[in-house]
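Undergrad: Structure provided below as structure tokens; questions to follow.
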Amino acid sequence: MSEGGSGVRVDLNGDMGESFGSWTMGDDAALLQQVSSANIACGFHAGDPSHMRSTTRAAVDAGVAVGAHVAYRDLAGFGRRFMDVAPAELADDVLYQIGALDAMVRAAGGKLTYVKPHGALYNTIAHHEEQARAVIDGVRAFSSDLAVLLLPGSVALDVAAQKGLRGVGEAFADRGYTPEGRLVSRREPGAVIHDAQAVVDRVVDWARTGEFTAVDGSRVRVEAESLCLHGDTPGAVEIAAKVRAGLTEAGVKIEAFA
């Protein structure tokens, strides 16, 4: 969250463009009406050129900020499996994905403003310094002007600062937190919260206090400027709409961070 002249501001970001060929994932058109930033898949964990282009065009037309949702090269696993990729190769993979999405953004008359790692890559670079440096090197090779959405307290956030990139902390509306401030593994109970009202209540609580209630009942502080709304969970659009309405009612202004 950030403080502005009119009070608390927060960005709402959503994962999009994850359809592939004839396989449809999420309702991007509806989700675009609720978010201020769109994380668009770049073809490695999901997405393909046609879906990348159509989703990017829709985001630009909606006035939503566009970010590259980069990942391990893992279509079969939806980017949710750790891969022991050599640092130089990982940096090239990140650069490749950013360049591909940038072409789509330019074709739509927009501008790429940030990068968000996806899934296993996102979680790995929270603690794996070698891969964190590779991801940040890949981003910097494209442009030092791009912001990077990362987990608060992560190694990658520290590396971004060292390398002169703007690292932006991210909170998760529908994910459970451990007492240490990490995301609960999707293999564990309480990893994903599906009840829309429960999600709204915890997000409004976070906006007011800067804290989430962890899975063990303790309170954990999460410093973030952007709040992620997953587009691939059941009832995603309903949850997104209620979160936006709840935050707005609480006096929070929804505004892209980049």
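Residue names in the structure tokens use chain letters A, B, ... in the order shown, residue numbers from 1 in each chain, and ligand numbers from 1 in the order shown.
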Identify, on the basis of only C-alpha atoms, every residue whose closest approach to Gly47 of chain A does not exceed 6 Å; exclude the query and any residue fewer than 5 positions from it along the same chain; express the result as a VMD selection string.
TA: chain A and resid 17 to 20 41
Undergrad: For C-alpha atoms, I'd like the residues from the last selection saved as a short mmCIF file (atom, residue, chain, number, x, y, z; two decimals), in the first residue's frame.
TA:
```
data_model
loop_
_atom_site.label_atom_id
_atom_site.label_comp_id
_atom_site.auth_asym_id
_atom_site.auth_seq_id
_atom_site.Cartn_x
_atom_site.Cartn_y
_atom_site.Cartn_z
CA GLY A 17 -3.68 -14.54 -21.13
CA GLU A 18 -3.30 -18.08 -19.80
CA SER A 19 -5.46 -19.74 -22.44
CA PHE A 20 -3.61 -21.99 -24.89
CA ALA A 41 1.43 -15.02 -19.70
#
```
Undergrad: From the DSSP assignment of the backbone, select every residue of segment 49-161 of chain A that is alpha helix (DSSP H), and format the answer as a ChimeraX atom specification.
TA: /A:49-61,87-107,119-124,129-142,155-161
Undergrad: Can you list, as a short mmCIF file (atom, residue, chain, number, x, y, z; two decimals) with N, CA, C and O atoms, in the first residue's frame, all residues belonging to segment 9-254 of chain A that DSSP tags as strand (DSSP E)?
TA:
```cif
data_model
loop_
_atom_site.label_atom_id
_atom_site.label_comp_id
_atom_site.auth_asym_id
_atom_site.auth_seq_id
_atom_site.Cartn_x
_atom_site.Cartn_y
_atom_site.Cartn_z
N ARG A 9 -3.60 3.98 -1.22
CA ARG A 9 -3.76 3.54 -2.60
C ARG A 9 -3.21 2.14 -2.73
O ARG A 9 -2.21 1.79 -2.09
N VAL A 10 -3.82 1.33 -3.57
CA VAL A 10 -3.32 -0.02 -3.82
C VAL A 10 -3.60 -0.41 -5.27
O VAL A 10 -4.61 0.00 -5.86
N ASP A 11 -2.68 -1.15 -5.84
CA ASP A 11 -2.84 -1.70 -7.19
C ASP A 11 -3.47 -3.08 -7.08
O ASP A 11 -3.17 -3.84 -6.16
N LEU A 12 -4.38 -3.39 -7.98
CA LEU A 12 -4.95 -4.73 -8.08
C LEU A 12 -4.43 -5.37 -9.36
O LEU A 12 -4.67 -4.85 -10.45
N ASN A 13 -3.67 -6.46 -9.23
CA ASN A 13 -3.16 -7.12 -10.42
C ASN A 13 -3.79 -8.50 -10.59
O ASN A 13 -4.15 -9.15 -9.61
N GLY A 14 -3.93 -8.91 -11.85
CA GLY A 14 -4.54 -10.21 -12.14
C GLY A 14 -3.75 -10.95 -13.20
O GLY A 14 -3.21 -10.35 -14.13
N ASP A 15 -3.68 -12.28 -13.07
CA ASP A 15 -3.00 -13.12 -14.05
C ASP A 15 -3.94 -13.39 -15.23
O ASP A 15 -5.07 -13.85 -15.03
N MET A 16 -3.46 -13.13 -16.44
CA MET A 16 -4.30 -13.24 -17.63
C MET A 16 -3.54 -13.82 -18.82
O MET A 16 -2.34 -14.08 -18.74
N SER A 37 -3.79 -3.62 -13.09
CA SER A 37 -2.60 -4.14 -13.77
C SER A 37 -2.86 -5.58 -14.22
O SER A 37 -3.47 -6.36 -13.48
N ALA A 38 -2.39 -5.91 -15.43
CA ALA A 38 -2.60 -7.25 -15.99
C ALA A 38 -1.27 -7.96 -16.18
O ALA A 38 -0.40 -7.48 -16.92
N ASN A 39 -1.10 -9.12 -15.52
CA ASN A 39 0.09 -9.95 -15.69
C ASN A 39 -0.22 -10.93 -16.82
O ASN A 39 -0.99 -11.86 -16.64
N ILE A 40 0.39 -10.73 -17.98
CA ILE A 40 0.03 -11.53 -19.15
C ILE A 40 1.06 -12.61 -19.41
O ILE A 40 2.26 -12.35 -19.54
N ALA A 41 0.57 -13.86 -19.48
CA ALA A 41 1.43 -15.02 -19.70
C ALA A 41 2.17 -14.87 -21.03
O ALA A 41 1.62 -14.36 -22.01
N ALA A 65 -2.57 -1.26 -16.83
CA ALA A 65 -1.12 -1.43 -16.99
C ALA A 65 -0.80 -2.87 -17.37
O ALA A 65 -1.45 -3.81 -16.90
N VAL A 66 0.21 -3.05 -18.22
CA VAL A 66 0.55 -4.38 -18.72
C VAL A 66 1.92 -4.82 -18.21
O VAL A 66 2.90 -4.08 -18.29
N GLY A 67 1.97 -6.05 -17.69
CA GLY A 67 3.22 -6.63 -17.22
C GLY A 67 3.45 -8.00 -17.83
O GLY A 67 2.49 -8.71 -18.18
N ALA A 68 4.71 -8.39 -17.97
CA ALA A 68 5.08 -9.70 -18.50
C ALA A 68 5.10 -10.71 -17.37
O ALA A 68 5.85 -10.55 -16.39
N HIS A 69 4.30 -11.77 -17.50
CA HIS A 69 4.22 -12.82 -16.48
C HIS A 69 5.16 -13.95 -16.90
O HIS A 69 4.76 -14.90 -17.56
N VAL A 70 6.42 -13.83 -16.51
CA VAL A 70 7.46 -14.75 -16.97
C VAL A 70 7.52 -15.99 -16.08
O VAL A 70 7.16 -15.93 -14.89
N LEU A 112 4.94 -1.64 -22.08
CA LEU A 112 5.20 -2.61 -21.03
C LEU A 112 5.83 -1.89 -19.85
O LEU A 112 6.81 -1.15 -20.01
N THR A 113 5.29 -2.08 -18.63
CA THR A 113 5.78 -1.31 -17.49
C THR A 113 6.38 -2.15 -16.36
O THR A 113 7.07 -1.59 -15.50
N TYR A 114 6.13 -3.45 -16.35
CA TYR A 114 6.66 -4.26 -15.25
C TYR A 114 6.75 -5.73 -15.63
O TYR A 114 6.25 -6.16 -16.69
N VAL A 115 7.38 -6.49 -14.75
CA VAL A 115 7.52 -7.94 -14.90
C VAL A 115 7.10 -8.60 -13.60
O VAL A 115 7.39 -8.10 -12.51
N LYS A 116 6.40 -9.73 -13.71
CA LYS A 116 6.06 -10.52 -12.53
C LYS A 116 6.40 -11.98 -12.81
O LYS A 116 5.83 -12.59 -13.71
N PRO A 117 7.32 -12.57 -12.05
CA PRO A 117 7.57 -14.01 -12.18
C PRO A 117 6.33 -14.80 -11.76
O PRO A 117 5.55 -14.36 -10.91
N ALA A 147 9.64 -2.21 -13.61
CA ALA A 147 9.48 -2.60 -12.21
C ALA A 147 9.32 -4.12 -12.16
O ALA A 147 8.99 -4.75 -13.17
N VAL A 148 9.56 -4.71 -10.99
CA VAL A 148 9.42 -6.15 -10.83
C VAL A 148 8.56 -6.43 -9.60
O VAL A 148 8.86 -5.98 -8.50
N LEU A 149 7.46 -7.18 -9.81
CA LEU A 149 6.56 -7.55 -8.71
C LEU A 149 7.12 -8.78 -8.02
O LEU A 149 7.34 -9.82 -8.65
N LEU A 150 7.34 -8.69 -6.69
CA LEU A 150 8.00 -9.76 -5.96
C LEU A 150 7.41 -9.92 -4.55
O LEU A 150 6.73 -9.03 -4.04
N ARG A 166 13.40 -1.17 -9.72
CA ARG A 166 12.35 -0.92 -8.74
C ARG A 166 11.64 -2.24 -8.42
O ARG A 166 10.95 -2.81 -9.25
N GLY A 167 11.84 -2.72 -7.21
CA GLY A 167 11.12 -3.90 -6.75
C GLY A 167 9.86 -3.48 -6.02
O GLY A 167 9.89 -2.59 -5.18
N VAL A 168 8.75 -4.12 -6.36
CA VAL A 168 7.45 -3.77 -5.77
C VAL A 168 6.92 -4.97 -5.00
O VAL A 168 6.77 -6.06 -5.56
N GLY A 169 6.65 -4.78 -3.72
CA GLY A 169 6.11 -5.86 -2.90
C GLY A 169 4.68 -6.18 -3.29
O GLY A 169 3.89 -5.29 -3.63
N GLU A 170 4.34 -7.47 -3.21
CA GLU A 170 3.00 -7.93 -3.63
C GLU A 170 2.36 -8.77 -2.53
O GLU A 170 2.99 -9.63 -1.93
N ALA A 171 1.09 -8.51 -2.29
CA ALA A 171 0.29 -9.32 -1.37
C ALA A 171 -0.70 -10.15 -2.20
O ALA A 171 -0.95 -9.85 -3.37
N PHE A 172 -1.28 -11.19 -1.56
CA PHE A 172 -2.19 -12.07 -2.27
C PHE A 172 -3.54 -12.12 -1.58
O PHE A 172 -3.62 -12.45 -0.39
N GLU A 211 -1.52 -6.07 7.90
CA GLU A 211 -1.29 -7.44 8.36
C GLU A 211 -2.35 -8.40 7.85
O GLU A 211 -3.50 -8.03 7.65
N PHE A 212 -1.93 -9.65 7.67
CA PHE A 212 -2.86 -10.75 7.38
C PHE A 212 -2.86 -11.70 8.57
O PHE A 212 -1.89 -11.76 9.34
N THR A 213 -3.94 -12.44 8.71
CA THR A 213 -3.97 -13.52 9.70
C THR A 213 -3.40 -14.77 9.03
O THR A 213 -3.92 -15.23 8.02
N ARG A 219 -0.58 -13.13 13.49
CA ARG A 219 -0.64 -11.99 12.58
C ARG A 219 0.72 -11.79 11.92
O ARG A 219 1.76 -11.84 12.59
N VAL A 220 0.72 -11.57 10.62
CA VAL A 220 1.97 -11.37 9.88
C VAL A 220 1.88 -10.10 9.06
O VAL A 220 0.89 -9.85 8.37
N ARG A 221 2.90 -9.27 9.15
CA ARG A 221 2.93 -8.00 8.42
C ARG A 221 3.38 -8.24 7.00
O ARG A 221 4.39 -8.93 6.76
N SER A 226 0.95 -3.78 -4.26
CA SER A 226 0.05 -4.41 -5.22
C SER A 226 -0.57 -5.65 -4.60
O SER A 226 0.07 -6.37 -3.83
N LEU A 227 -1.82 -5.90 -4.96
CA LEU A 227 -2.57 -7.04 -4.44
C LEU A 227 -2.97 -7.94 -5.60
O LEU A 227 -3.59 -7.48 -6.56
N CYS A 228 -2.58 -9.22 -5.53
CA CYS A 228 -2.85 -10.14 -6.63
C CYS A 228 -4.23 -10.79 -6.50
O CYS A 228 -4.60 -11.28 -5.44
N LEU A 229 -4.97 -10.80 -7.60
CA LEU A 229 -6.25 -11.50 -7.72
C LEU A 229 -6.08 -12.58 -8.78
O LEU A 229 -5.92 -12.28 -9.95
N LYS A 253 -8.04 3.81 -2.65
CA LYS A 253 -8.07 4.14 -4.07
C LYS A 253 -7.34 3.08 -4.86
O LYS A 253 -6.20 2.70 -4.53
N ILE A 254 -7.97 2.55 -5.91
CA ILE A 254 -7.36 1.54 -6.77
C ILE A 254 -6.59 2.25 -7.88
O ILE A 254 -7.16 3.01 -8.65
#
```
Undergrad: Just the residues within 10 Å of Gly99 of chain A, please, counting only C-alpha atoms, with nothing from its chain fewer than 6 positions along; format it as a list in words.
TA: Cys42, Ala68, Asp93, Val105, Leu112, Val139 and Phe142 of chain A
Undergrad: Write a file of the just-selected residues containing all heavy atoms, as a short mmCIF file (atom, residue, chain, number, x, y, z; two decimals), in the first residue's frame.
TA:
```cif
data_model
loop_
_atom_site.label_atom_id
_atom_site.label_comp_id
_atom_site.auth_asym_id
_atom_site.auth_seq_id
_atom_site.Cartn_x
_atom_site.Cartn_y
_atom_site.Cartn_z
N CYS A 42 3.41 -15.35 -21.04
CA CYS A 42 4.29 -15.13 -22.19
C CYS A 42 4.62 -16.39 -22.97
O CYS A 42 5.60 -16.43 -23.73
CB CYS A 42 5.59 -14.49 -21.72
SG CYS A 42 5.36 -12.92 -20.85
N ALA A 68 4.71 -8.39 -17.97
CA ALA A 68 5.08 -9.70 -18.50
C ALA A 68 5.10 -10.71 -17.37
O ALA A 68 5.85 -10.55 -16.39
CB ALA A 68 6.45 -9.63 -19.18
N ASP A 93 15.85 -16.90 -20.87
CA ASP A 93 14.42 -17.24 -20.95
C ASP A 93 13.55 -16.06 -20.52
O ASP A 93 12.51 -15.77 -21.12
CB ASP A 93 14.11 -18.44 -20.06
CG ASP A 93 14.54 -19.77 -20.66
OD1 ASP A 93 14.93 -19.79 -21.86
OD2 ASP A 93 14.50 -20.79 -19.94
N VAL A 105 2.56 -5.57 -26.88
CA VAL A 105 2.14 -4.31 -26.27
C VAL A 105 2.33 -3.15 -27.25
O VAL A 105 1.46 -2.29 -27.41
CB VAL A 105 2.91 -4.02 -24.97
CG1 VAL A 105 2.45 -2.70 -24.36
CG2 VAL A 105 2.71 -5.14 -23.97
N LEU A 112 4.94 -1.64 -22.08
CA LEU A 112 5.20 -2.61 -21.03
C LEU A 112 5.83 -1.89 -19.85
O LEU A 112 6.81 -1.15 -20.01
CB LEU A 112 6.14 -3.70 -21.55
CG LEU A 112 6.38 -4.89 -20.63
CD1 LEU A 112 5.11 -5.72 -20.50
CD2 LEU A 112 7.52 -5.75 -21.17
N VAL A 139 15.71 -9.25 -16.67
CA VAL A 139 14.89 -8.03 -16.74
C VAL A 139 15.77 -6.83 -17.12
O VAL A 139 15.43 -6.05 -18.01
CB VAL A 139 14.18 -7.77 -15.39
CG1 VAL A 139 13.42 -6.44 -15.46
CG2 VAL A 139 13.23 -8.91 -15.05
N PHE A 142 16.77 -6.25 -20.67
CA PHE A 142 15.75 -5.61 -21.52
C PHE A 142 15.65 -4.12 -21.23
O PHE A 142 15.75 -3.29 -22.12
CB PHE A 142 14.38 -6.28 -21.32
CG PHE A 142 13.32 -5.70 -22.21
CD1 PHE A 142 13.16 -6.16 -23.51
CD2 PHE A 142 12.51 -4.67 -21.77
CE1 PHE A 142 12.21 -5.60 -24.34
CE2 PHE A 142 11.55 -4.11 -22.59
CZ PHE A 142 11.40 -4.58 -23.89
#
```
Undergrad: Using only C-alpha atoms, find the one residue out of A:Gly21, A:Gly176, A:Gly119, A:Gly109 that sits nearest to Met52 of chain A.
TA: A:Gly21
Undergrad: How many Å separate atom CA of Ser144 of chain A from atom CA of His51 of chain A?
TA: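 Result for atom CA of Ser144 of chain A versus atom CA of His51 of chain A: 26.8 Å, one decimal.
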Undergrad: Figure out the distance between atom CA of Glu129 of chain A and atom CA of Leu157 of chain A, please, to one decimal in Å.
TA: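 Atom CA of Leu157 of chain A sits 10.4 Å away from atom CA of Glu129 of chain A.
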Undergrad: Taking 6 positions as the minimum chain separation for residues in the same chain, which residues sit within 12 Å of Val184 of chain A when counting only C-alpha atoms? Answer as a list in words.
TA: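 Counting only the stated atoms, we get Asn123, Phe172, Asp174, Arg175, Gly176, Tyr177, Thr178, Gly190, Ala191, Val192, Ile193, Ala214, Val215 and Asp216 of chain A.
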Undergrad: Kindly export the residues of the current selection with C-alpha atoms, as a PDB file, in the first residue's frame.
TA:
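Contents of again.pdb, as written:
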```pdb
ATOM      1  CA  ASN A 123       8.503 -18.777  -5.030  1.00  0.00           C
ATOM      2  CA  PHE A 172      -2.190 -12.073  -2.274  1.00  0.00           C
ATOM      3  CA  ASP A 174      -6.837 -15.404  -1.913  1.00  0.00           C
ATOM      4  CA  ARG A 175      -3.670 -17.180  -0.684  1.00  0.00           C
ATOM      5  CA  GLY A 176      -2.881 -18.342   2.819  1.00  0.00           C
ATOM      6  CA  TYR A 177       0.244 -17.048   4.589  1.00  0.00           C
ATOM      7  CA  THR A 178       2.645 -18.846   6.901  1.00  0.00           C
ATOM      8  CA  GLY A 190      -5.419 -23.442   3.555  1.00  0.00           C
ATOM      9  CA  ALA A 191      -3.281 -22.544   0.543  1.00  0.00           C
ATOM     10  CA  VAL A 192      -6.156 -21.017  -1.436  1.00  0.00           C
ATOM     11  CA  ILE A 193      -9.195 -19.242   0.015  1.00  0.00           C
ATOM     12  CA  ALA A 214      -1.655 -16.477   9.017  1.00  0.00           C
ATOM     13  CA  VAL A 215      -2.837 -20.094   8.823  1.00  0.00           C
ATOM     14  CA  ASP A 216      -1.910 -20.680  12.489  1.00  0.00           C
TER      15      ASP A 216
END
```
Undergrad: In Å, with one decimal, what is the gap from atom CA of Thr248 of chain A to atom CA of Asp27 of chain A?
TA: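 About the pair atom CA of Thr248 of chain A and atom CA of Asp27 of chain A: they are 22.4 Å apart.
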Undergrad: If you count only C-alpha atoms, which residues fall within 12 Å of Lys111 of chain A, apart from same-chain ones fewer than 3 positions away, as number ranges by chain?
TA: A: 56-57, 59-61, 63-68, 98-99, 101-108, 114, 145-146, 258
Undergrad: Any idea what's packed within 9 Å of segment 72-76 of chain A, counting only C-alpha atoms, ignoring anything in its chain fewer than 3 positions away? Could you give it as a list in words?
TA: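 The residues that qualify are Gly43, Phe44, His45, Ala46, Gly47, Gly79, Arg80, Arg81, Phe82, Met83, Val85, Leu90, Asp93, Val94, Pro117, His118, Gly119, Ala120 and Leu121 of chain A.
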Undergrad: Name the closest residue to Asp48 of chain A among the candidates A:Ala88, A:Ala100, A:Val8, A:Ala132; distances are taken between atoms, counting only C-alpha atoms.
TA: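 Counting only C-alpha atoms, the residue closest to Asp48 of chain A is A:Ala100.
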Undergrad: Which residues are near segment 241-246 of chain A? Cut-off 8 Å, only C-alpha atoms, ignore same chain within fewer than 3 positions. Put them as an MDAnalysis selection string.
TA: chainID A and resid 34 196:197 199:200 203:204 237:238 249:250 254
Undergrad: Using only C-alpha atoms, which of the listed residues (A:Leu95, A:Leu183, A:Gly110, A:Pro49) sits closest to Tyr122 of chain A?
TA: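 Of A:Leu95, A:Leu183, A:Gly110, A:Pro49, the one nearest Tyr122 of chain A is A:Leu183, counting only C-alpha atoms.
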